[in-house]
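Trainee: This is my_file.txt (compact mmCIF, C-alpha atoms).
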```txt
# COMPACT_ATOMS: atom_id res chain seq x y z
CA MET A 1 0.00 0.00 0.00
CA ASN A 2 2.64 2.49 1.03
CA ASP A 3 6.06 2.63 2.61
CA ILE A 4 5.59 4.10 6.08
CA LYS A 5 7.98 1.93 8.08
CA THR A 6 10.28 4.03 10.23
CA ASP A 7 12.61 3.51 13.15
CA ASP A 8 9.79 4.33 15.55
CA GLY A 9 7.26 2.10 13.80
CA TYR A 10 7.15 -0.21 16.81
CA LYS A 11 6.35 2.74 19.08
CA LYS A 12 3.41 3.67 16.86
CA PHE A 13 2.31 0.04 16.95
CA LEU A 14 2.33 0.20 20.76
CA VAL A 15 0.00 3.22 20.70
CA ILE A 16 -2.50 1.41 18.47
CA TRP A 17 -2.03 -1.72 20.54
CA MET A 18 -2.95 0.14 23.72
CA GLY A 19 -6.18 1.32 22.12
CA ASP A 20 -6.87 -2.24 20.96
CA LEU A 21 -6.27 -3.52 24.49
CA ILE A 22 -8.82 -1.10 25.96
CA SER A 23 -11.32 -1.88 23.21
CA ASN A 24 -10.92 -5.63 23.79
CA ILE A 25 -11.66 -5.20 27.48
CA GLY A 26 -14.92 -3.42 26.67
CA THR A 27 -15.87 -5.92 23.97
CA GLY A 28 -15.06 -8.84 26.25
CA MET A 29 -17.21 -7.42 29.03
CA THR A 30 -20.18 -7.12 26.68
CA ALA A 31 -19.64 -10.64 25.30
CA PHE A 32 -19.41 -12.13 28.80
CA GLY A 33 -22.34 -10.12 30.09
CA LEU A 34 -24.62 -10.98 27.19
CA GLY A 35 -23.85 -14.68 27.56
CA VAL A 36 -24.88 -14.57 31.22
CA TYR A 37 -27.82 -12.27 30.51
CA VAL A 38 -29.30 -14.49 27.78
CA TRP A 39 -28.71 -17.71 29.73
CA GLN A 40 -30.53 -16.29 32.75
CA LEU A 41 -33.29 -15.02 30.47
CA THR A 42 -34.03 -18.26 28.59
CA LYS A 43 -31.89 -21.09 30.04
CA SER A 44 -31.18 -22.13 26.45
CA ALA A 45 -27.73 -22.89 25.07
CA LEU A 46 -29.23 -22.39 21.60
CA ASP A 47 -30.20 -18.80 22.43
CA VAL A 48 -26.70 -18.12 23.77
CA ALA A 49 -25.26 -19.54 20.54
CA MET A 50 -27.60 -17.36 18.45
CA VAL A 51 -26.30 -14.20 20.11
CA GLU A 52 -22.72 -15.41 19.63
CA MET A 53 -23.55 -16.07 15.97
CA ALA A 54 -25.00 -12.58 15.53
CA ALA A 55 -21.69 -11.15 16.74
CA LEU A 56 -19.51 -13.42 14.61
CA LEU A 57 -21.30 -13.91 11.29
CA PRO A 58 -21.22 -10.29 9.98
CA MET A 59 -17.51 -10.01 10.72
CA ILE A 60 -16.90 -13.16 8.67
CA LEU A 61 -19.20 -12.30 5.77
CA PHE A 62 -17.99 -8.73 5.37
CA SER A 63 -14.29 -9.39 5.98
CA PRO A 64 -13.43 -9.86 2.26
CA ALA A 65 -15.00 -6.49 1.39
CA ALA A 66 -13.24 -4.95 4.40
CA GLY A 67 -9.97 -6.39 3.11
CA VAL A 68 -10.47 -4.74 -0.28
CA LEU A 69 -11.15 -1.41 1.42
CA ALA A 70 -8.02 -1.84 3.56
CA ASP A 71 -5.89 -2.00 0.41
CA ARG A 72 -7.72 0.86 -1.31
CA PHE A 73 -8.16 3.47 1.40
CA ASP A 74 -6.50 4.82 4.52
CA ARG A 75 -6.44 1.84 6.88
CA ARG A 76 -6.49 3.99 10.00
CA LEU A 77 -9.54 5.91 8.76
CA LEU A 78 -11.38 2.64 8.19
CA MET A 79 -10.61 1.56 11.75
CA ILE A 80 -12.01 4.84 13.09
CA LEU A 81 -15.17 4.52 10.98
CA GLY A 82 -15.69 0.93 12.10
CA ASP A 83 -15.42 1.83 15.79
CA CYS A 84 -17.71 4.85 15.57
CA VAL A 85 -20.57 3.23 13.66
CA SER A 86 -20.41 -0.06 15.59
CA GLY A 87 -20.97 2.01 18.73
CA LEU A 88 -24.41 2.95 17.40
CA GLY A 89 -25.48 -0.70 17.60
CA LEU A 90 -24.44 -0.83 21.24
CA PHE A 91 -26.33 2.38 21.94
CA LEU A 92 -29.51 0.92 20.40
CA LEU A 93 -29.07 -2.20 22.53
CA LEU A 94 -28.75 -0.01 25.61
CA VAL A 95 -31.99 1.81 24.77
CA LEU A 96 -33.91 -1.44 24.24
CA MET A 97 -32.61 -2.94 27.49
CA SER A 98 -33.74 0.13 29.42
CA THR A 99 -37.35 -0.73 28.46
CA GLY A 100 -37.09 -3.93 30.53
CA ASN A 101 -38.75 -6.11 27.88
CA ILE A 102 -36.00 -6.90 25.36
CA GLN A 103 -36.18 -10.09 23.27
CA VAL A 104 -33.35 -12.35 22.12
CA TRP A 105 -33.96 -11.46 18.45
CA GLN A 106 -33.58 -7.77 19.29
CA ILE A 107 -30.25 -8.46 20.97
CA CYS A 108 -29.14 -10.35 17.85
CA ILE A 109 -30.06 -7.46 15.54
CA CYS A 110 -28.21 -4.86 17.63
CA ILE A 111 -25.12 -7.01 18.04
CA GLY A 112 -25.22 -7.95 14.35
CA PHE A 113 -25.32 -4.28 13.32
CA SER A 114 -22.39 -3.45 15.59
CA SER A 115 -20.44 -6.45 14.33
CA THR A 116 -21.03 -5.48 10.69
CA PHE A 117 -19.09 -2.26 11.06
CA SER A 118 -16.54 -3.81 13.39
CA SER A 119 -15.64 -6.02 10.42
CA LEU A 120 -13.83 -2.99 8.95
CA LEU A 121 -11.29 -3.20 11.76
CA ASP A 122 -9.61 -6.60 11.44
CA PRO A 123 -8.07 -6.55 7.92
CA ALA A 124 -7.12 -2.87 8.29
CA TYR A 125 -5.56 -3.53 11.71
CA LYS A 126 -3.55 -6.55 10.55
CA ALA A 127 -2.37 -4.79 7.41
CA THR A 128 -1.43 -1.71 9.46
CA LEU A 129 0.82 -3.85 11.65
CA THR A 130 2.68 -4.98 8.55
CA ASP A 131 2.92 -1.32 7.51
CA LEU A 132 4.57 -0.37 10.79
CA LEU A 133 6.75 -3.36 11.62
CA THR A 134 9.83 -5.03 10.25
CA GLU A 135 9.77 -8.75 9.54
CA ASP A 136 11.87 -9.45 12.63
CA GLU A 137 9.21 -7.76 14.77
CA TYR A 138 6.25 -9.84 13.51
CA ALA A 139 6.41 -12.61 16.13
CA LYS A 140 7.06 -10.18 18.98
CA ALA A 141 4.16 -7.96 17.89
CA SER A 142 1.93 -10.99 17.49
CA GLY A 143 2.61 -11.81 21.13
CA MET A 144 1.58 -8.29 22.09
CA VAL A 145 -1.60 -8.63 20.04
CA GLY A 146 -2.22 -11.87 21.88
CA ILE A 147 -1.99 -10.01 25.18
CA ALA A 148 -4.62 -7.55 23.98
CA SER A 149 -6.83 -10.39 22.77
CA SER A 150 -6.44 -12.28 26.03
CA SER A 151 -7.81 -9.29 27.93
CA LYS A 152 -11.27 -10.35 26.72
CA PHE A 153 -10.86 -13.48 28.82
CA LEU A 154 -8.49 -12.28 31.52
CA ILE A 155 -9.77 -8.87 32.59
CA SER A 156 -13.27 -8.64 31.11
CA PRO A 157 -14.97 -11.64 32.80
CA ILE A 158 -14.08 -10.69 36.35
CA ILE A 159 -15.10 -7.05 35.81
CA GLY A 160 -18.23 -8.10 33.97
CA GLY A 161 -19.14 -10.66 36.63
CA LEU A 162 -18.76 -8.12 39.45
CA ILE A 163 -20.83 -5.53 37.57
CA LEU A 164 -23.61 -8.06 36.93
CA ALA A 165 -23.54 -9.12 40.58
CA PHE A 166 -24.00 -5.58 41.91
CA TYR A 167 -25.37 -3.52 39.02
CA SER A 168 -26.76 -4.39 35.57
CA MET A 169 -25.97 -5.27 31.98
CA GLU A 170 -26.66 -1.67 30.95
CA ILE A 171 -23.58 -0.46 32.88
CA ILE A 172 -21.40 -2.90 30.93
CA ILE A 173 -22.67 -1.60 27.59
CA ILE A 174 -22.03 2.01 28.62
CA ILE A 175 -18.44 1.13 29.54
CA ASP A 176 -17.99 -0.66 26.20
CA ILE A 177 -19.16 2.44 24.32
CA LEU A 178 -16.69 4.60 26.26
CA THR A 179 -13.79 2.26 25.40
CA LEU A 180 -14.51 2.83 21.70
CA ALA A 181 -13.88 6.55 22.21
CA VAL A 182 -10.45 5.79 23.69
CA THR A 183 -9.61 3.49 20.78
CA VAL A 184 -10.56 6.09 18.18
CA SER A 185 -8.32 8.64 19.94
CA THR A 186 -5.26 6.36 19.74
CA ILE A 187 -5.82 5.69 16.04
CA LEU A 188 -6.20 9.41 15.33
CA PHE A 189 -2.95 10.08 17.17
CA VAL A 190 -1.01 7.56 15.09
CA ARG A 191 -2.70 8.52 11.83
CA LYS A 192 -1.49 12.11 12.09
CA SER A 193 2.14 10.96 12.24
CA LEU A 194 1.94 8.65 9.21
CA ALA A 195 2.50 9.99 5.72
CA VAL A 196 0.02 8.10 3.55
CA LYS A 197 0.97 8.11 -0.10
CA PRO A 198 -1.73 8.46 -2.78
CA GLN A 199 -3.12 5.17 -4.08
CA GLU A 200 -1.93 4.08 -7.50
CA LYS A 201 -5.35 2.66 -8.42
CA LYS A 202 -8.11 5.18 -8.74
CA GLU A 203 -11.12 3.00 -9.47
CA LEU A 204 -12.66 0.65 -6.94
CA ASP A 205 -13.70 -2.76 -8.29
CA PHE A 206 -14.68 -5.09 -5.45
CA PHE A 207 -15.03 -8.22 -7.56
CA LYS A 208 -11.73 -7.66 -9.33
CA ASP A 209 -9.94 -7.02 -6.05
CA LEU A 210 -11.58 -10.02 -4.39
CA LYS A 211 -10.44 -12.16 -7.32
CA GLU A 212 -6.92 -10.80 -6.89
CA GLY A 213 -7.09 -11.58 -3.18
CA TRP A 214 -8.13 -15.13 -3.96
CA GLN A 215 -5.27 -15.53 -6.42
CA ILE A 216 -2.82 -14.19 -3.84
CA ILE A 217 -3.89 -16.87 -1.38
CA VAL A 218 -3.92 -19.69 -3.93
CA GLU A 219 -0.53 -18.76 -5.36
CA SER A 220 1.10 -18.50 -1.92
CA LYS A 221 2.45 -21.97 -1.30
CA GLY A 222 0.72 -23.78 1.54
CA VAL A 223 -1.39 -20.78 2.63
CA MET A 224 -4.72 -22.11 1.35
CA LEU A 225 -4.18 -25.54 2.88
CA LEU A 226 -3.23 -23.96 6.19
CA ILE A 227 -6.34 -21.77 6.16
CA VAL A 228 -8.69 -24.69 5.45
CA LEU A 229 -7.15 -26.80 8.19
CA VAL A 230 -7.33 -23.87 10.60
CA SER A 231 -11.05 -23.59 9.78
CA VAL A 232 -11.50 -27.18 10.93
CA LEU A 233 -9.58 -26.41 14.11
CA MET A 234 -11.74 -23.32 14.66
CA PHE A 235 -14.84 -25.52 14.59
CA TYR A 236 -13.67 -27.48 17.62
CA MET A 237 -12.56 -24.39 19.49
CA GLY A 238 -15.87 -22.71 18.67
CA ILE A 239 -17.65 -25.49 20.51
CA ILE A 240 -15.94 -24.72 23.81
CA GLN A 241 -16.24 -20.99 23.25
CA VAL A 242 -20.03 -21.20 22.84
CA LEU A 243 -20.83 -23.84 25.44
CA SER A 244 -18.36 -23.38 28.29
CA LYS A 245 -20.31 -20.51 29.83
CA PRO A 246 -23.70 -22.33 29.98
CA MET A 247 -21.94 -25.41 31.38
CA ILE A 248 -20.26 -23.49 34.20
CA LEU A 249 -23.30 -21.31 34.95
CA SER A 250 -25.35 -24.46 35.53
CA PHE A 251 -23.48 -25.22 38.76
CA THR A 252 -22.16 -21.84 39.92
CA SER A 253 -23.00 -18.11 39.97
CA GLU A 254 -22.21 -15.45 37.37
CA LYS A 255 -19.70 -13.86 39.79
CA THR A 256 -17.84 -17.15 40.25
CA THR A 257 -18.03 -17.81 36.51
CA GLY A 258 -16.38 -14.47 35.80
CA ILE A 259 -13.61 -15.10 38.33
CA LEU A 260 -13.07 -18.63 36.97
CA GLN A 261 -12.80 -17.38 33.39
CA THR A 262 -10.33 -14.72 34.48
CA ILE A 263 -8.13 -17.26 36.23
CA VAL A 264 -8.01 -19.70 33.31
CA ALA A 265 -7.36 -16.84 30.86
CA CYS A 266 -4.16 -16.07 32.77
CA GLY A 267 -2.71 -18.90 30.72
CA MET A 268 -3.18 -16.87 27.54
CA MET A 269 -1.63 -13.81 29.15
CA VAL A 270 1.44 -15.74 30.35
CA SER A 271 2.01 -17.28 26.92
CA SER A 272 1.46 -13.99 25.11
CA ILE A 273 4.03 -12.27 27.34
CA LEU A 274 6.57 -15.02 26.63
CA ILE A 275 5.92 -14.78 22.89
CA GLY A 276 6.16 -11.00 23.09
CA MET A 277 9.67 -11.47 24.51
CA GLY A 278 10.60 -13.19 21.24
CA ILE A 279 10.99 -16.82 22.33
CA ILE A 280 9.60 -18.20 19.03
CA LYS A 281 12.11 -17.66 16.25
CA ARG A 282 11.88 -20.85 14.18
CA ASN A 283 10.17 -24.25 13.97
CA PHE A 284 6.81 -22.51 13.62
CA VAL A 285 5.04 -25.59 12.21
CA LYS A 286 6.20 -27.87 15.01
CA VAL A 287 5.24 -25.36 17.68
CA MET A 288 1.82 -24.89 16.06
CA VAL A 289 1.06 -28.61 15.97
CA ALA A 290 2.25 -29.18 19.54
CA SER A 291 0.12 -26.33 20.84
CA PHE A 292 -3.01 -27.62 19.11
CA ILE A 293 -2.47 -31.11 20.52
CA LEU A 294 -2.14 -29.67 24.02
CA SER A 295 -5.29 -27.61 23.38
CA GLY A 296 -7.20 -30.77 22.49
CA ILE A 297 -6.05 -32.68 25.56
CA THR A 298 -6.88 -29.86 27.94
CA MET A 299 -10.21 -29.18 26.21
CA ALA A 300 -11.23 -32.76 26.90
CA GLY A 301 -10.21 -32.33 30.54
CA PHE A 302 -12.25 -29.14 30.74
CA GLY A 303 -15.45 -30.89 29.74
CA ALA A 304 -14.89 -34.09 31.71
CA THR A 305 -15.87 -32.78 35.15
CA THR A 306 -17.77 -30.26 37.24
CA SER A 307 -14.83 -29.92 39.64
CA ILE A 308 -13.81 -26.26 39.77
CA PRO A 309 -10.08 -27.01 40.43
CA VAL A 310 -9.88 -29.42 37.47
CA ILE A 311 -11.70 -26.94 35.22
CA ILE A 312 -9.29 -24.18 36.28
CA VAL A 313 -6.17 -26.26 35.57
CA SER A 314 -7.48 -27.57 32.24
CA GLY A 315 -8.74 -24.16 31.20
CA PHE A 316 -5.46 -22.47 32.13
CA LEU A 317 -3.44 -24.91 30.02
CA PHE A 318 -5.93 -24.64 27.17
CA PHE A 319 -5.61 -20.86 27.01
CA ALA A 320 -1.84 -21.08 27.49
CA SER A 321 -1.47 -23.22 24.38
CA LEU A 322 -3.55 -21.07 22.00
CA PRO A 323 -1.21 -18.04 21.58
CA PHE A 324 1.61 -20.29 20.38
CA ALA A 325 -0.61 -21.70 17.64
CA THR A 326 -2.08 -18.37 16.55
CA THR A 327 1.33 -16.68 16.50
CA CYS A 328 2.83 -19.41 14.32
CA ILE A 329 -0.11 -19.25 11.91
CA ASP A 330 0.10 -15.46 11.75
CA VAL A 331 3.84 -15.45 11.05
CA LEU A 332 3.68 -18.19 8.41
CA ILE A 333 0.93 -16.42 6.48
CA ARG A 334 2.31 -12.90 6.92
CA LYS A 335 5.72 -13.91 5.57
CA SER A 336 4.16 -15.62 2.56
CA ILE A 337 2.17 -12.62 1.23
CA ASP A 338 3.42 -9.24 -0.01
CA ASN A 339 2.63 -6.28 2.24
CA GLU A 340 0.71 -4.24 -0.34
CA LYS A 341 -1.65 -7.17 -0.96
CA GLN A 342 -2.29 -8.15 2.64
CA GLY A 343 -5.57 -6.24 3.11
CA ARG A 344 -7.36 -8.28 0.45
CA ALA A 345 -5.64 -11.46 1.59
CA TRP A 346 -6.50 -11.06 5.29
CA GLY A 347 -10.13 -10.35 4.43
CA LEU A 348 -10.50 -13.64 2.58
CA ILE A 349 -8.36 -15.47 5.12
CA SER A 350 -10.74 -14.35 7.87
CA LEU A 351 -13.73 -15.52 5.82
CA ILE A 352 -12.37 -18.99 5.07
CA SER A 353 -10.67 -19.72 8.38
CA GLN A 354 -13.65 -18.69 10.49
CA VAL A 355 -16.21 -20.77 8.61
CA GLY A 356 -15.45 -23.36 11.28
CA PHE A 357 -16.66 -20.95 13.95
CA VAL A 358 -19.90 -20.42 12.02
CA PHE A 359 -20.63 -24.15 11.91
CA ALA A 360 -19.76 -24.47 15.60
CA TYR A 361 -22.12 -21.66 16.55
CA VAL A 362 -24.90 -23.07 14.36
CA PHE A 363 -24.67 -26.65 15.59
CA ALA A 364 -23.33 -26.30 19.16
CA GLY A 365 -26.54 -24.99 20.72
CA VAL A 366 -28.76 -27.43 18.79
CA LEU A 367 -26.57 -30.42 19.68
CA ALA A 368 -26.41 -29.35 23.32
CA ASP A 369 -30.14 -28.65 23.82
CA TYR A 370 -31.61 -31.45 21.74
CA VAL A 371 -29.04 -34.26 21.62
CA PHE A 372 -26.28 -34.37 24.23
CA ASN A 373 -27.91 -32.74 27.27
CA PRO A 374 -31.06 -34.93 27.07
CA ALA A 375 -28.84 -37.99 26.65
CA LEU A 376 -26.96 -37.32 29.89
CA VAL A 377 -29.73 -36.45 32.33
CA GLU A 378 -31.06 -39.13 34.68
CA GLY A 379 -32.70 -41.78 32.51
CA GLY A 380 -31.04 -40.51 29.31
CA VAL A 381 -29.67 -42.90 26.70
CA LEU A 382 -26.06 -42.25 27.78
CA ALA A 383 -26.71 -41.97 31.51
CA ASN A 384 -25.62 -45.54 32.27
CA THR A 385 -22.55 -45.49 30.01
CA VAL A 386 -20.84 -42.13 29.51
CA GLY A 387 -22.77 -40.76 32.49
CA LYS A 388 -21.01 -43.23 34.79
CA ILE A 389 -17.70 -41.58 33.86
CA ILE A 390 -18.44 -37.85 33.59
CA GLY A 391 -21.67 -37.72 35.58
CA THR A 392 -25.24 -36.78 34.71
CA GLY A 393 -27.08 -33.50 35.04
CA GLU A 394 -28.52 -30.48 33.27
CA THR A 395 -25.43 -29.68 31.17
CA ARG A 396 -23.25 -32.80 31.32
CA GLY A 397 -24.10 -33.34 27.67
CA ILE A 398 -22.23 -30.10 26.96
CA GLY A 399 -19.26 -31.54 28.82
CA PHE A 400 -19.32 -34.67 26.66
CA LEU A 401 -19.55 -32.58 23.48
CA ILE A 402 -16.51 -30.56 24.59
CA ILE A 403 -14.62 -33.82 25.22
CA LEU A 404 -15.39 -35.04 21.69
CA SER A 405 -14.29 -31.68 20.30
CA GLY A 406 -10.97 -31.97 22.11
CA LEU A 407 -10.36 -35.39 20.59
CA GLY A 408 -11.25 -34.03 17.16
CA LEU A 409 -8.80 -31.17 17.65
CA ILE A 410 -5.98 -33.63 18.38
CA ILE A 411 -6.76 -35.70 15.28
CA THR A 412 -6.86 -32.61 13.06
CA ALA A 413 -3.58 -31.31 14.47
CA LEU A 414 -1.90 -34.63 13.67
CA PHE A 415 -3.16 -34.32 10.10
CA VAL A 416 -1.64 -30.82 9.89
CA SER A 417 1.72 -32.22 11.01
CA LYS A 418 1.77 -34.50 7.98
CA SER A 419 1.10 -31.72 5.47
CA LYS A 420 4.04 -31.24 3.12
CA GLY A 421 2.68 -27.94 1.81
CA ILE A 422 2.55 -26.36 5.27
CA ARG A 423 6.02 -27.58 6.22
CA GLU A 424 7.41 -26.09 3.02
CA MET A 425 6.06 -22.64 3.98
CA GLU A 426 8.71 -22.50 6.67
CA THR A 427 11.58 -24.22 4.85
CA GLN A 428 11.09 -22.03 1.79
CA LYS A 429 11.45 -18.88 3.88
CA GLU A 430 14.59 -20.19 5.57
CA THR A 431 16.06 -20.99 2.14
CA GLU A 432 15.35 -17.43 0.94
CA ILE A 433 17.11 -16.01 4.01
CA ILE A 434 20.17 -18.19 3.44
CA GLN A 435 20.31 -17.24 -0.24
CA THR A 436 20.08 -13.53 0.67
CA GLU A 437 22.88 -13.85 3.22
CA ASN A 438 25.10 -15.69 0.70
CA SER A 439 24.49 -13.05 -1.98
CA VAL A 440 25.50 -10.29 0.46
CA GLN A 441 28.69 -12.11 1.33
```
Could you express the structure from this file as structure tokens?
Mentor:
Amino acid sequence: MNDIKTDDGYKKFLVIWMGDLISNIGTGMTAFGLGVYVWQLTKSALDVAMVEMAALLPMILFSPAAGVLADRFDRRLLMILGDCVSGLGLFLLLVLMSTGNIQVWQICICIGFSSTFSSLLDPAYKATLTDLLTEDEYAKASGMVGIASSSKFLISPIIGGLILAFYSMEIIIIIDILTLAVTVSTILFVRKSLAVKPQEKKELDFFKDLKEGWQIIVESKGVMLLIVLVSVLMFYMGIIQVLSKPMILSFTSEKTTGILQTIVACGMMVSSILIGMGIIKRNFVKVMVASFILSGITMAGFGATTSIPVIIVSGFLFFASLPFATTCIDVLIRKSIDNEKQGRAWGLISLISQVGFVFAYVFAGVLADYVFNPALVEGGVLANTVGKIIGTGETRGIGFLIILSGLGLIITALFVSKSKGIREMETQKETEIIQTENSVQ
């Protein structure tokens, strides 16, 4: 897009990162609060999944278009626009909640509207990082981004749980809206210090640019295969993301649930800090596979019991393993695609890789409410078999579904480890570096 990398590019990244951190805290509080709010309102895992779907689906569907815009226009301006307009959806939700008679479908519409404009943020944000950073800083910055992302699970649940225990969901939404204002301010600050060169292309052709984005992904060796396999992995992780909250809320309070989620999310924070210190420098494929296998094992442990200590340990290790996988994926893809084409590429990458989340959100609630939970209550078809091992009760079917998802995650990760195309993504880059060093000598 343009050459704006400078010696203080990392400092500018830190400013944007701080705004992203604050925004993630607000977003995480709303996500946690709405999950609790809807569960208490309907006692339906399907309704919880529907709200989660309303937040996720627009970001996936509109990400390719957002990627095209990120390559065509000022990426920072798009991030500001996305934050400002998405705040209108939260404001409408706040107004409807104040009436005291809000319906689940109304929540879905408001969250869907907000998510639609939030979709402008992700490709522009990821492409902006490539604008600001050198290649050697990618892994370190990815660790920092992981810290910001982990705040949704580390800081947000405990704050959200305390607010719900003493106040109301409306307070959480107000705080979320205020965090958007802080985020916009940080982007404006950085934008003023960046000299954005005029775009070479004057006409905007979405379909042509989307086609180019598709070709970029297909022509980048191993990228498409990695994205498809990641989509499968996202399906299994989507299961635990949707159903863990209803499972825990069935045997404890919203305050305890928030504290528990904060404790287990410390694993993500610890790993992100380590990655931010630059401990991953090579063997990205091996690290990615190992982290996904550990995720699967600990996911199964998470669903196998109602014991709070076991859930905390399993959840901590689960969250601790994720940043290693996401960092390796991010670095492998980022190094395989030219900077000026990354907006279009990241838009399509988000669409394809997160299809797994969509399927998880669609099927998780249905499977939980109508298949697995009925099978593991007293007298259910699995009560005398699986129920003898993991117990029976209102949401033990969710626990069994999470166990199966963990096993599926392990199997998929093993398949990834055998992929020649993915392994060559790393070896090809190492070969290029060696050739460059030899030519200099």
Trainee: Show me, as AutoDock Vina command-line options, the centre and edge lengths in Å to one decimal of the axis-aligned box that covers every listed atom of region 50-56 of chain A with 8 Å on each side.
Mentor:
```
--center_x -23.6 --center_y -14.3 --center_z 17.4 --size_x 24.1 --size_y 22.2 --size_z 21.5
```
Trainee: Using only C-alpha atoms, pick whichever of A:Ile280, A:Leu332, A:Val264, A:Leu404 has the shortest atom-to-atom distance to Lys152 (chain A).
Mentor: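 Among the listed residues, A:Val264 lies closest to Lys152 (chain A).
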Trainee: Could you tell me which of A:Val371, A:Val15, A:Ile111, A:Val182 comes closest to Leu57 (chain A) if we count all atoms listed in the file?
Mentor: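 Counting all atoms listed in the file, the residue closest to Leu57 (chain A) is A:Ile111.
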Trainee: So which residues touch Ser272 (chain A) within 7 Å, counting only C-alpha atoms, skipping near sequence neighbours fewer than 2 positions away, as a list in words?
Mentor: Gly143, Met144, Gly146, Ile147, Met268, Met269, Val270, Leu274, Ile275, Gly276 and Pro323 of chain A
Trainee: Could you dump the residues just selected with C-alpha atoms as a PDB file, in the coordinates of the input?
Mentor:
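And here is the file that came out, part-v2.pdb:
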```pdb
ATOM      1  CA  GLY A 143       2.610 -11.810  21.130  1.00  0.00           C
ATOM      2  CA  MET A 144       1.580  -8.290  22.090  1.00  0.00           C
ATOM      3  CA  GLY A 146      -2.220 -11.870  21.880  1.00  0.00           C
ATOM      4  CA  ILE A 147      -1.990 -10.010  25.180  1.00  0.00           C
ATOM      5  CA  MET A 268      -3.180 -16.870  27.540  1.00  0.00           C
ATOM      6  CA  MET A 269      -1.630 -13.810  29.150  1.00  0.00           C
ATOM      7  CA  VAL A 270       1.440 -15.740  30.350  1.00  0.00           C
ATOM      8  CA  LEU A 274       6.570 -15.020  26.630  1.00  0.00           C
ATOM      9  CA  ILE A 275       5.920 -14.780  22.890  1.00  0.00           C
ATOM     10  CA  GLY A 276       6.160 -11.000  23.090  1.00  0.00           C
ATOM     11  CA  PRO A 323      -1.210 -18.040  21.580  1.00  0.00           C
TER      12      PRO A 323
END
```
Trainee: How many Å separate CA of Leu376 (chain A) from CA of Arg396 (chain A)?
Mentor: 6.0 Å
Trainee: What is the CA of Lys281 (chain A) to CA of Val313 (chain A) distance in Å?
Mentor: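 If I compute the distance from CA of Lys281 (chain A) to CA of Val313 (chain A), I get 28.0 Å.
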Trainee: Any idea what the distance is between CA of Ile216 (chain A) and CA of Ile337 (chain A)?
Mentor: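 That distance, rounded to one decimal, is 7.3 Å.
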Trainee: Select, from A:Thr305, A:Ser231, A:Ser142, A:Thr30, the residue with the minimum atom-to-atom distance to Val358 (chain A), counting all atoms listed in the file.
Mentor: A:Ser231
Trainee: Near Ser151 (chain A), counting all atoms listed in the file, which residues have an atom at most 8 Å away, once you skip same-chain residues fewer than 3 positions from it, shown as a list in words?
Mentor: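 Near neighbours after the sequence-gap exclusion: Leu21, Asn24, Ile25, Gly28, Ile147, Ala148, Leu154, Ile155, Ser156 and Met269 of chain A.
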